[in-house]
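Reproduced below: run.cif, with mmCIF, C-alpha atoms.
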```
data_upload
#
loop_
_atom_site.label_atom_id
_atom_site.label_comp_id
_atom_site.auth_asym_id
_atom_site.auth_seq_id
_atom_site.Cartn_x
_atom_site.Cartn_y
_atom_site.Cartn_z
CA ALA A 1275 102.26 -117.63 -163.24
CA ALA A 1276 101.53 -119.16 -159.85
CA SER A 1277 97.92 -120.06 -160.70
CA PRO A 1278 97.43 -123.15 -162.88
CA TRP A 1279 94.58 -121.47 -164.80
CA LEU A 1280 96.65 -118.45 -165.86
CA TYR A 1281 98.50 -118.80 -169.15
CA VAL A 1282 101.06 -116.29 -170.38
CA TYR A 1283 100.19 -116.01 -174.07
CA PRO A 1284 100.60 -112.54 -175.61
CA LYS A 1285 99.90 -113.90 -179.11
CA GLY A 1286 96.50 -115.07 -177.90
CA PHE A 1287 95.86 -111.60 -176.49
CA ARG A 1288 96.62 -110.12 -179.91
CA ASP A 1289 94.65 -112.79 -181.78
CA LEU A 1290 91.57 -112.20 -179.61
CA LEU A 1291 91.64 -108.44 -180.17
CA LEU A 1292 92.01 -108.89 -183.93
CA TYR A 1293 89.14 -111.40 -183.89
CA LEU A 1294 86.93 -108.84 -182.13
CA LYS A 1295 87.95 -106.26 -184.74
CA GLU A 1296 86.96 -108.51 -187.65
CA LYS A 1297 83.93 -110.31 -186.19
CA TYR A 1298 82.24 -107.36 -184.46
CA ARG A 1299 83.15 -104.43 -186.73
CA ASN A 1300 85.96 -103.11 -184.56
CA PRO A 1301 84.22 -102.16 -181.30
CA ILE A 1302 85.86 -99.91 -178.74
CA VAL A 1303 87.69 -102.16 -176.28
CA TYR A 1304 89.07 -101.46 -172.81
CA ILE A 1305 91.34 -104.07 -171.27
CA THR A 1306 90.06 -103.75 -167.71
CA GLU A 1307 92.12 -106.48 -166.08
CA ASN A 1308 95.40 -107.99 -167.26
CA GLY A 1309 98.12 -109.32 -165.01
CA VAL A 1310 100.09 -112.24 -163.69
CA ASP A 1311 100.47 -113.62 -160.20
CA GLU A 1312 103.30 -114.99 -158.14
CA ALA A 1313 103.12 -117.25 -155.11
CA ASN A 1314 102.97 -115.47 -151.75
CA ASN A 1315 106.26 -116.77 -150.36
CA LYS A 1316 106.12 -115.59 -146.75
CA SER A 1317 109.74 -116.57 -146.12
CA LEU A 1318 111.14 -114.05 -148.62
CA PRO A 1319 112.66 -110.88 -147.18
CA LEU A 1320 110.83 -107.75 -148.30
CA GLU A 1321 113.68 -106.69 -150.60
CA GLU A 1322 113.36 -109.98 -152.51
CA ALA A 1323 109.56 -109.88 -152.60
CA LEU A 1324 109.75 -106.52 -154.39
CA LYS A 1325 111.81 -107.99 -157.26
CA ASP A 1326 109.01 -109.06 -159.60
CA ASP A 1327 110.86 -109.18 -162.91
CA ALA A 1328 108.51 -111.84 -164.28
CA ARG A 1329 105.61 -109.39 -163.90
CA ILE A 1330 107.56 -106.71 -165.78
CA GLU A 1331 108.25 -109.17 -168.59
CA TYR A 1332 104.57 -110.18 -168.65
CA HIS A 1333 103.30 -106.62 -169.03
CA HIS A 1334 106.06 -105.76 -171.49
CA MET A 1335 105.14 -108.69 -173.75
CA HIS A 1336 101.41 -107.97 -173.55
CA LEU A 1337 101.80 -104.25 -174.14
CA ASP A 1338 104.04 -104.95 -177.15
CA ALA A 1339 101.33 -107.25 -178.51
CA LEU A 1340 98.72 -104.58 -177.78
CA LEU A 1341 100.71 -101.88 -179.60
CA SER A 1342 101.05 -104.14 -182.63
CA THR A 1343 97.31 -104.81 -182.54
CA ILE A 1344 96.46 -101.11 -182.33
CA ARG A 1345 98.79 -100.43 -185.26
CA ASP A 1346 96.81 -103.06 -187.16
CA GLY A 1347 93.65 -101.07 -186.53
CA ALA A 1348 92.11 -102.55 -183.37
CA ASN A 1349 90.10 -99.92 -181.50
CA VAL A 1350 91.63 -100.42 -178.03
CA LYS A 1351 91.25 -97.31 -175.85
CA GLY A 1352 92.60 -98.45 -172.48
CA TYR A 1353 94.70 -101.02 -170.61
CA PHE A 1354 94.56 -101.55 -166.87
CA ALA A 1355 97.09 -103.71 -165.05
CA TRP A 1356 95.71 -106.18 -162.53
CA SER A 1357 96.34 -105.16 -159.92
CA LEU A 1358 97.73 -102.00 -158.40
CA LEU A 1359 97.88 -103.71 -154.99
CA ASP A 1360 98.22 -107.28 -153.78
CA ASN A 1361 94.77 -108.34 -152.67
CA PHE A 1362 92.45 -111.17 -151.67
CA GLU A 1363 91.80 -113.37 -154.69
CA TRP A 1364 88.46 -115.17 -154.62
CA ALA A 1365 89.79 -118.60 -155.59
CA SER A 1366 93.19 -118.32 -153.87
CA GLY A 1367 92.80 -116.01 -150.90
CA TYR A 1368 96.11 -114.46 -149.92
CA THR A 1369 98.24 -117.28 -151.41
CA VAL A 1370 99.08 -115.36 -154.62
CA ARG A 1371 100.08 -111.79 -155.37
CA PHE A 1372 99.05 -109.86 -158.49
CA GLY A 1373 99.93 -106.34 -157.36
CA LEU A 1374 102.34 -103.75 -158.64
CA HIS A 1375 102.60 -102.85 -154.95
CA PHE A 1376 103.39 -105.32 -152.17
CA VAL A 1377 100.93 -105.28 -149.27
CA ASP A 1378 102.34 -106.38 -145.91
CA TYR A 1379 99.34 -108.25 -144.50
CA ASN A 1380 101.05 -108.71 -141.12
CA HIS A 1381 102.01 -105.11 -140.35
CA GLY A 1382 99.07 -102.80 -140.89
CA ARG A 1383 98.77 -103.52 -144.62
CA LYS A 1384 101.68 -101.19 -145.36
CA ARG A 1385 102.35 -100.86 -149.09
CA TYR A 1386 105.67 -101.01 -150.91
CA PRO A 1387 106.15 -100.45 -154.65
CA LYS A 1388 107.57 -103.45 -156.47
CA ARG A 1389 109.98 -103.12 -159.39
CA SER A 1390 107.00 -103.49 -161.70
CA ALA A 1391 105.41 -100.32 -160.28
CA GLY A 1392 108.47 -98.31 -161.26
CA TRP A 1393 108.62 -99.96 -164.67
CA PHE A 1394 104.93 -99.28 -165.33
CA LYS A 1395 105.31 -95.65 -164.24
CA ARG A 1396 108.24 -95.15 -166.63
CA PHE A 1397 106.32 -96.91 -169.41
CA LEU A 1398 103.33 -94.60 -168.98
CA LYS A 1399 105.54 -91.50 -169.12
CA ARG A 1400 106.94 -92.45 -172.55
#
```
Same coordinates, now as structure tokens:
Amino acid sequence: AASPWLYVYPKGFRDLLLYLKEKYRNPIVYITENGVDEANNKSLPLEEALKDDARIEYHHMHLDALLSTIRDGANVKGYFAWSLLDNFEWASGYTVRFGLHFVDYNHGRKRYPKRSAGWFKRFLKR
């Protein structure tokens, strides 16, 4: 992760959901925002900027943990990746990118799918 406050810890994700299950009698849970950022390296060519394999690994690990948690009875009904598009982050501005799609801030905000967008699409079709 590019942000110092963001920790990649799928076990903690699982542990938290199981804690909610036990402590609060298994409420319905929607994961409304889960993702990882990368630094906005303006010197990278577009083709390189679209290769976000670390983001794929992040979502893969967290979705594996989520599946295991659901199999253990957690009442999770939804998971939403943060974010579909690169955007302005309140604490970081445009210095980091969370999106499954690259936004070209210098050329009309044109959007390009990153590798993670294709991976996520294939994952959802399974």
| request: Between A:Ala1276, A:Leu1291, A:Leu1359, A:Val1303, single out the one closest to Asp1378 in chain A, counting all atoms listed in the file. | output: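 The answer is A:Leu1359, which sits nearest to Asp1378 in chain A.
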| Result set of the PyMOL selection byres ((chain A and resi 1390) around 12) on the coordinates above, as number ranges by chain | A: 1309-1310, 1323-1334, 1355-1359, 1372-1376, 1386-1389, 1391-1397
| Nearest to Leu1290 in chain A, chosen from A:Asn1308, A:Ala1348, A:Trp1364, A:Ser1317, with all atoms listed in the file counted in the distances | A:Ala1348
| Quick one, how far is CA of Leu1337 in chain A from CA of Asn1300 in chain A? |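 Going from CA of Leu1337 in chain A over to CA of Asn1300 in chain A covers 19.0 Å.
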| note | With distances taken over all atoms listed in the file, the candidate from A:Asn1349, A:Ser1342, A:Ser1277, A:Asn1380 nearest Ile1305 in chain A is A:Asn1349
| field | Residues selected by the PyMOL selection byres ((chain A and resi 1293-1296) around 12), written as a list of chain:residue names | value |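 Selected by the PyMOL selection byres ((chain A and resi 1293-1296) around 12) here: A:Gly1286, A:Phe1287, A:Arg1288, A:Asp1289, A:Leu1290, A:Leu1291, A:Leu1292, A:Lys1297, A:Tyr1298, A:Arg1299, A:Asn1300, A:Pro1301, A:Ile1302, A:Val1303, A:Thr1343, A:Ile1344, A:Asp1346, A:Gly1347, A:Ala1348, A:Asn1349, A:Val1350.
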Output file for the residues above (C-alpha atoms, as a PDB file, in the frame of the given file):
```
ATOM      1  CA  GLY A1286      96.500-115.070-177.900  1.00  0.00           C
ATOM      2  CA  PHE A1287      95.860-111.600-176.490  1.00  0.00           C
ATOM      3  CA  ARG A1288      96.620-110.120-179.910  1.00  0.00           C
ATOM      4  CA  ASP A1289      94.650-112.790-181.780  1.00  0.00           C
ATOM      5  CA  LEU A1290      91.570-112.200-179.610  1.00  0.00           C
ATOM      6  CA  LEU A1291      91.640-108.440-180.170  1.00  0.00           C
ATOM      7  CA  LEU A1292      92.010-108.890-183.930  1.00  0.00           C
ATOM      8  CA  LYS A1297      83.930-110.310-186.190  1.00  0.00           C
ATOM      9  CA  TYR A1298      82.240-107.360-184.460  1.00  0.00           C
ATOM     10  CA  ARG A1299      83.150-104.430-186.730  1.00  0.00           C
ATOM     11  CA  ASN A1300      85.960-103.110-184.560  1.00  0.00           C
ATOM     12  CA  PRO A1301      84.220-102.160-181.300  1.00  0.00           C
ATOM     13  CA  ILE A1302      85.860 -99.910-178.740  1.00  0.00           C
ATOM     14  CA  VAL A1303      87.690-102.160-176.280  1.00  0.00           C
ATOM     15  CA  THR A1343      97.310-104.810-182.540  1.00  0.00           C
ATOM     16  CA  ILE A1344      96.460-101.110-182.330  1.00  0.00           C
ATOM     17  CA  ASP A1346      96.810-103.060-187.160  1.00  0.00           C
ATOM     18  CA  GLY A1347      93.650-101.070-186.530  1.00  0.00           C
ATOM     19  CA  ALA A1348      92.110-102.550-183.370  1.00  0.00           C
ATOM     20  CA  ASN A1349      90.100 -99.920-181.500  1.00  0.00           C
ATOM     21  CA  VAL A1350      91.630-100.420-178.030  1.00  0.00           C
TER      22      VAL A1350
END
```
| message | If I take CA of Glu1312 in chain A and CA of Tyr1283 in chain A, how far is one from the other in Å, to one decimal? | response |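 Between these atoms lies a distance of 16.3 Å.
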| note | Correct to one decimal, the distance CA of His1336 in chain A-CA of Val1282 in chain A is 8.9 Å
| said: Within 12 Å of (97.9, -107.9, -144.1) (file coordinates; only C-alpha atoms), which protein or nucleic acid residues are there? I'd like them as a PyMOL selection string. | reply: chain A and resi 1314+1316+1359-1362+1367-1369+1376-1385
What lies within 12 Å of Pro1278 in chain A using all atoms listed in the file, ignoring chain neighbours under 6 positions off, as a PDB file with C-alpha atoms, in the frame of the given file?
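Just written: out27.pdb:
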```pdb
ATOM      1  CA  VAL A1310     100.090-112.240-163.690  1.00  0.00           C
ATOM      2  CA  ASP A1311     100.470-113.620-160.200  1.00  0.00           C
ATOM      3  CA  GLU A1312     103.300-114.990-158.140  1.00  0.00           C
ATOM      4  CA  ALA A1313     103.120-117.250-155.110  1.00  0.00           C
ATOM      5  CA  ALA A1365      89.790-118.600-155.590  1.00  0.00           C
ATOM      6  CA  SER A1366      93.190-118.320-153.870  1.00  0.00           C
ATOM      7  CA  VAL A1370      99.080-115.360-154.620  1.00  0.00           C
TER       8      VAL A1370
END
```
Edge lengths and centre in Å to one decimal, as JSON, of the axis-aligned box that encloses all listed atoms of range 1291-1308 of chain A with 5 Å added on every side?
```
{"center_x": 88.8, "center_y": -105.7, "center_z": -176.9, "size_x": 23.2, "size_y": 21.5, "size_z": 31.6}
```
For range 1343-1360 of chain A, where the input has fewer atoms than it should, I would like N, CA and C atoms rebuilt and written as a compact mmCIF listing (two decimals), in the frame of the given file.
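The result, stored in result-v7.txt:
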```txt
# COMPACT_ATOMS: atom_id res chain seq x y z
N THR A 1343 98.73 -104.65 -182.21
CA THR A 1343 97.31 -104.81 -182.54
C THR A 1343 96.66 -103.47 -182.86
N ILE A 1344 96.99 -102.46 -182.08
CA ILE A 1344 96.46 -101.11 -182.33
C ILE A 1344 96.97 -100.60 -183.68
N ARG A 1345 98.23 -100.84 -183.96
CA ARG A 1345 98.79 -100.43 -185.26
C ARG A 1345 98.11 -101.14 -186.42
N ASP A 1346 97.57 -102.32 -186.14
CA ASP A 1346 96.81 -103.06 -187.16
C ASP A 1346 95.33 -102.68 -187.17
N GLY A 1347 94.99 -101.64 -186.44
CA GLY A 1347 93.65 -101.07 -186.53
C GLY A 1347 92.67 -101.42 -185.44
N ALA A 1348 93.05 -102.23 -184.46
CA ALA A 1348 92.11 -102.55 -183.37
C ALA A 1348 91.82 -101.28 -182.57
N ASN A 1349 90.58 -101.13 -182.15
CA ASN A 1349 90.10 -99.92 -181.50
C ASN A 1349 90.19 -100.04 -179.97
N VAL A 1350 91.40 -100.27 -179.48
CA VAL A 1350 91.63 -100.42 -178.03
C VAL A 1350 91.92 -99.04 -177.45
N LYS A 1351 91.15 -98.66 -176.44
CA LYS A 1351 91.25 -97.31 -175.85
C LYS A 1351 91.88 -97.29 -174.47
N GLY A 1352 92.03 -98.46 -173.82
CA GLY A 1352 92.60 -98.45 -172.48
C GLY A 1352 93.12 -99.82 -172.07
N TYR A 1353 94.08 -99.80 -171.14
CA TYR A 1353 94.70 -101.02 -170.61
C TYR A 1353 94.93 -100.79 -169.13
N PHE A 1354 94.41 -101.67 -168.32
CA PHE A 1354 94.56 -101.55 -166.87
C PHE A 1354 95.24 -102.80 -166.33
N ALA A 1355 96.36 -102.59 -165.65
CA ALA A 1355 97.09 -103.71 -165.05
C ALA A 1355 96.30 -104.24 -163.85
N TRP A 1356 96.26 -105.55 -163.73
CA TRP A 1356 95.71 -106.18 -162.53
C TRP A 1356 96.89 -106.67 -161.75
N SER A 1357 97.09 -106.17 -160.65
CA SER A 1357 96.34 -105.16 -159.92
C SER A 1357 97.33 -104.14 -159.37
N LEU A 1358 96.83 -103.00 -158.99
CA LEU A 1358 97.73 -102.00 -158.40
C LEU A 1358 98.29 -102.49 -157.07
N LEU A 1359 97.47 -103.21 -156.31
CA LEU A 1359 97.88 -103.71 -154.99
C LEU A 1359 97.67 -105.21 -154.90
N ASP A 1360 98.52 -105.90 -154.13
CA ASP A 1360 98.22 -107.28 -153.78
C ASP A 1360 96.89 -107.27 -153.06
```
